[in-house]
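Participant: Take this structure first; my questions come after.
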Amino acid sequence: MTTAHSLLGASSASRWMTCPGSFRVSQAVTEPAGSSRWAAQGTVAHAVAEELLANGGPIDQALGQTRYHDGHAILVDEEMLEAVEIYINAVAPIVTEADYRSTEVAVDLDHYWAPFAPPVPLFGTSDLCAYSRRLRRLTIVDYKHGAGVYVSHVDNYQMLYYAAGALANLRRQYPDEDPLDVEMVIVQPRVPGAEPVRRHVLPVLDILLWVHQTLKPAVEATQADDAPLVMGDHCRWCPGRIICPAMQAARTRNTQRAFGAVANDTLADATDQEIADYLDDCERLDIWIDATREEALRRLQDGQFIPGWGLTPTRPTRAWSDESDVYVALLKEGVKPDQIYEAKMRSPAQMEKHVSARAWRQVQPLIEVKSSGMKVARSLSPAQPFDRVHDQTKETADG
């Protein structure tokens with residue numbers, strides 16, 4: 001898998017296209033933090049999926065392997081493989097239909113600035129690109145392993161970026177082809193309650209209009225000396241969030257409120273709109289706090305000294321070093337197998353793969369979908385109630 005990143009890349013497009021000022025702020029960070037464990041887990045899942053698409057073989061051939069990425073040890077377990085299998089099954093008919101297809105496809109958009117060049121190279125890596133001559137359709141597939149933030153398949157800047165780049169690739173490599181539309185597919189199996197495979201189809205003309213009317217102006221906006229800083233959910237993935245002036249201003253406002261330096265110093269007296277404003281700043285402050293802890297962890301792991309702070313182990317848990325050795329040793333001591341292993345009913349997601357369609361229909365009415373509780377979360381629009389819980393995942397280079 002490629003590791004090169006564009007300063008105006010696909011996976012960060014939702015950030016820099018919304019907040020042009022983040023382009024310069026991000027470059028001011030001289031020591032970017034390493035990826036989180038969740039990002040590393042996603043990278044490993046992508047690698048397993050790519051191997052299966054390229055080489056075939058049983059889905060569980062990597063089960064039990066420990067793979068290392070960016071300092072993290074990631075176990076390829078059943079949960080990961082179940083998610084990867086959904087991706088493999090989703091792309092199988094696309095691959096079968098395709099006349100041309102490739103995984104881990106490098107795409108670039110510099111062509112759209114010809115005969116000139118964009119301010120910085122624009123490129124990224126798509127998980128899968130496929131073209132069907134019969135359908136005259138170019139399909140772009142992106143696998144999202146994260147179970148946190150729900151990724152929409154509509155108006156998705158990352159997917160539109162990939163689509164534009166893949167169109168440019170197709171026209172360079174196969175100039176006689178004349179695609180009619182582009183299908184953008186998001187495969188995200190681990191978000192509770194969400195459809196795991198989501199598709200959106202746009203005419204080629206719409207993709208080209210997006211490039212010229214939305215993408216190119218956004219790229220130019222990042223180059224302005226006074227490019228605005230626009231805060232939002234994208235701040236959580238911004239490399240410059242720890243030094244961002246807008247983030248620091250939000251921190252100052254919250255500090256003033258906490259110590260009663262501004263009006264309405266008691267929450268009980270605040271209006272509903274003021275509570276909404278406070279929640280906006282609390283969300284941004286949470287991002288800043290998380291970024292501060294990540295930076296502190298990086299420095300301490302690098303051997304730097306932070307007065308009054310240090311590293312301490314997380315809560316330890318006990319685990320068998322080799323389960324087969326444990327099993328043999330216990331049998332020799334007269335322990336019965338049912339004292340060593342316990343039977344556990346498969347989850348609905350697991351059961352569906354192991355029973356007949358008829359049996360599955362019989363037990364479907366016995367499935368219940370329920371949340372463990374309620375929490376405050378941002379609504380989809382100011383006038384629309386919220387109907388999906390959104391957490392956050394760290395921005396990575398390719399999804």
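As shown in the structure tokens, the chain order sets the letters A, B, ...; within each chain, residues go from 1, and ligands are also counted from 1 in the order they appear.
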Counting only C-alpha atoms, which residues of range 43-105 of chain A sit at most 10 Å from some atom of range 350-367 of chain A, and what is each one's closest atom pair with its distance in Å to one decimal, listed by chain and rising residue number, as a Markdown table?
Facilitator:
```
| residue | atom | partner | partner_atom | distance |
| --- | --- | --- | --- | --- |
| A:Glu78 | CA | A:Gln350 | CA | 9.8 |
| A:Glu79 | CA | A:Gln350 | CA | 9.4 |
| A:Glu82 | CA | A:Gln350 | CA | 8.0 |
```
Participant: Write a file of the selected residues as a CSV table (one decimal), in the first residue's frame, keeping C-alpha atoms.
Facilitator:
```
chain,number,residue,atom,x,y,z
A,78,GLU,CA,-12.7,-12.9,13.5
A,79,GLU,CA,-14.4,-9.5,13.8
A,82,GLU,CA,-16.2,-10.6,9.1
```
Participant: Do you have the CA of Ser36 in chain A-CA of His153 in chain A distance handy?
Facilitator: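 Computing it gives 24.4 Å between the two atoms.
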Participant: Rounded to one decimal, what separation in Å do you get between CA of Ala246 in chain A and CA of Asp277 in chain A?
Facilitator: 14.8 Å
Participant: So that I can check the surroundings of range 168-183 of chain A, please list as a ChimeraX atom specification every protein, DNA and RNA residue that reaches within 12 Å of it, counting only C-alpha atoms and ignoring chain neighbours fewer than 3 positions away.
Facilitator: /A:94,99-102,105-114,123,126,128-142,153-154,159-165,186,198-208,211
Participant: Residues as selected, C-alpha atoms, written as a short mmCIF file (atom, residue, chain, number, x, y, z; two decimals), in the first residue's frame, can you do that?
Facilitator:
```
data_model
loop_
_atom_site.label_atom_id
_atom_site.label_comp_id
_atom_site.auth_asym_id
_atom_site.auth_seq_id
_atom_site.Cartn_x
_atom_site.Cartn_y
_atom_site.Cartn_z
CA ILE A 94 -18.15 -5.37 -9.64
CA ASP A 99 -13.24 -5.15 -18.24
CA TYR A 100 -10.51 -3.27 -16.33
CA ARG A 101 -10.00 -3.25 -12.60
CA SER A 102 -7.21 -2.53 -10.14
CA VAL A 105 -5.10 2.63 -7.57
CA ALA A 106 -2.99 5.80 -7.54
CA VAL A 107 -5.03 8.67 -8.97
CA ASP A 108 -4.00 12.27 -9.56
CA LEU A 109 -5.94 15.35 -10.57
CA ASP A 110 -3.14 17.51 -11.96
CA HIS A 111 -4.54 16.90 -15.46
CA TYR A 112 -7.44 19.25 -14.71
CA TRP A 113 -5.04 22.20 -14.42
CA ALA A 114 -3.39 21.55 -17.81
CA PHE A 123 -3.21 12.67 -5.69
CA SER A 126 -8.47 4.43 -4.22
CA LEU A 128 -10.67 -0.30 -6.04
CA CYS A 129 -11.36 1.14 -9.49
CA ALA A 130 -13.24 -0.89 -12.11
CA TYR A 131 -14.65 -0.12 -15.54
CA SER A 132 -17.44 -1.98 -17.32
CA ARG A 133 -17.51 -1.43 -21.07
CA ARG A 134 -21.00 -2.94 -21.28
CA LEU A 135 -22.43 -0.53 -18.68
CA ARG A 136 -20.07 2.29 -19.67
CA ARG A 137 -19.65 2.75 -15.95
CA LEU A 138 -16.59 3.55 -13.84
CA THR A 139 -16.90 2.25 -10.28
CA ILE A 140 -14.91 3.55 -7.31
CA VAL A 141 -15.00 1.56 -4.07
CA ASP A 142 -13.73 2.74 -0.68
CA HIS A 153 -21.97 8.06 0.15
CA VAL A 154 -23.64 11.26 -1.10
CA MET A 159 -15.12 9.85 -3.27
CA LEU A 160 -15.67 12.68 -5.76
CA TYR A 161 -11.92 13.34 -5.67
CA TYR A 162 -11.21 9.66 -6.39
CA ALA A 163 -13.83 9.65 -9.15
CA ALA A 164 -12.28 12.65 -10.88
CA GLY A 165 -8.81 11.13 -10.65
CA ILE A 186 -18.76 3.03 0.37
CA ARG A 198 -23.93 2.26 0.09
CA ARG A 199 -23.90 3.37 -3.55
CA HIS A 200 -24.27 6.67 -5.35
CA VAL A 201 -24.19 7.11 -9.15
CA LEU A 202 -23.50 10.40 -10.93
CA PRO A 203 -23.18 11.22 -14.64
CA VAL A 204 -19.63 11.91 -15.79
CA LEU A 205 -20.66 15.49 -16.55
CA ASP A 206 -21.57 16.04 -12.88
CA ILE A 207 -18.12 14.85 -11.80
CA LEU A 208 -16.43 17.24 -14.23
CA VAL A 211 -14.03 19.59 -10.38
#
```
Participant: I'd like to know which of A:Glu50, A:Glu294, A:Glu85, A:Glu97 is closest to Pro196 in chain A, using only C-alpha atoms.
Facilitator: A:Glu85
Participant: Could you tell me how far CA of Met247 in chain A lies from CA of Cys19 in chain A, in Å and to one decimal?
Facilitator: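 Separating CA of Met247 in chain A from CA of Cys19 in chain A is a distance of 12.5 Å.
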Participant: Find, counting only C-alpha atoms, the residue in A:Ala117, A:Ala218, A:Ala73, A:Cys282 that gets nearest to Ser22 in chain A.
Facilitator: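 Closest residue, counting only C-alpha atoms: A:Ala218.
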Participant: Tell me, which residues of range 286-344 of chain A carry DSSP helix (DSSP H, G or I), written as a count of residues only?
Facilitator: 30
Participant: Here is a test: counting only C-alpha atoms, which residue of A:Ala147, A:Gln41, A:Gly56, A:Pro118 is nearest to Thr222 in chain A?
Facilitator: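 Going through A:Ala147, A:Gln41, A:Gly56, A:Pro118 one by one, the smallest distance to Thr222 in chain A is for A:Pro118.
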Participant: DSSP says strand (DSSP E or B) for which residues of range 37-157 of chain A? Put them as a PyMOL selection string?
Facilitator: chain A and resi 66-69+72-75+100-108+123-132+137-143
Participant: Let me see the file: selected residues, C-alpha atoms, as a short mmCIF file (atom, residue, chain, number, x, y, z; two decimals), in the first residue's frame.
Facilitator:
```
data_model
loop_
_atom_site.label_atom_id
_atom_site.label_comp_id
_atom_site.auth_asym_id
_atom_site.auth_seq_id
_atom_site.Cartn_x
_atom_site.Cartn_y
_atom_site.Cartn_z
CA THR A 66 -0.37 -10.22 14.44
CA ARG A 67 0.64 -7.45 12.07
CA TYR A 68 2.56 -4.32 12.92
CA HIS A 69 1.86 -0.84 11.63
CA HIS A 72 0.98 -0.79 16.84
CA ALA A 73 0.54 -4.57 17.03
CA ILE A 74 -2.79 -5.44 15.40
CA LEU A 75 -4.41 -8.87 15.71
CA TYR A 100 -10.51 -3.27 -16.33
CA ARG A 101 -10.00 -3.25 -12.60
CA SER A 102 -7.21 -2.53 -10.14
CA THR A 103 -6.81 -2.35 -6.38
CA GLU A 104 -4.86 0.35 -4.55
CA VAL A 105 -5.10 2.63 -7.57
CA ALA A 106 -2.99 5.80 -7.54
CA VAL A 107 -5.03 8.67 -8.97
CA ASP A 108 -4.00 12.27 -9.56
CA PHE A 123 -3.21 12.67 -5.69
CA GLY A 124 -4.56 9.81 -3.60
CA THR A 125 -5.10 6.06 -3.57
CA SER A 126 -8.47 4.43 -4.22
CA ASP A 127 -9.13 0.96 -2.79
CA LEU A 128 -10.67 -0.30 -6.04
CA CYS A 129 -11.36 1.14 -9.49
CA ALA A 130 -13.24 -0.89 -12.11
CA TYR A 131 -14.65 -0.12 -15.54
CA SER A 132 -17.44 -1.98 -17.32
CA ARG A 137 -19.65 2.75 -15.95
CA LEU A 138 -16.59 3.55 -13.84
CA THR A 139 -16.90 2.25 -10.28
CA ILE A 140 -14.91 3.55 -7.31
CA VAL A 141 -15.00 1.56 -4.07
CA ASP A 142 -13.73 2.74 -0.68
CA TYR A 143 -13.56 0.44 2.33
#
```
Participant: Looking at only C-alpha atoms, which of A:Leu81, A:Asp155, A:Glu368, A:Ser6 is the one that sits closest to Asp60 in chain A?
Facilitator: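 Selected residue with least distance to Asp60 in chain A: A:Leu81.
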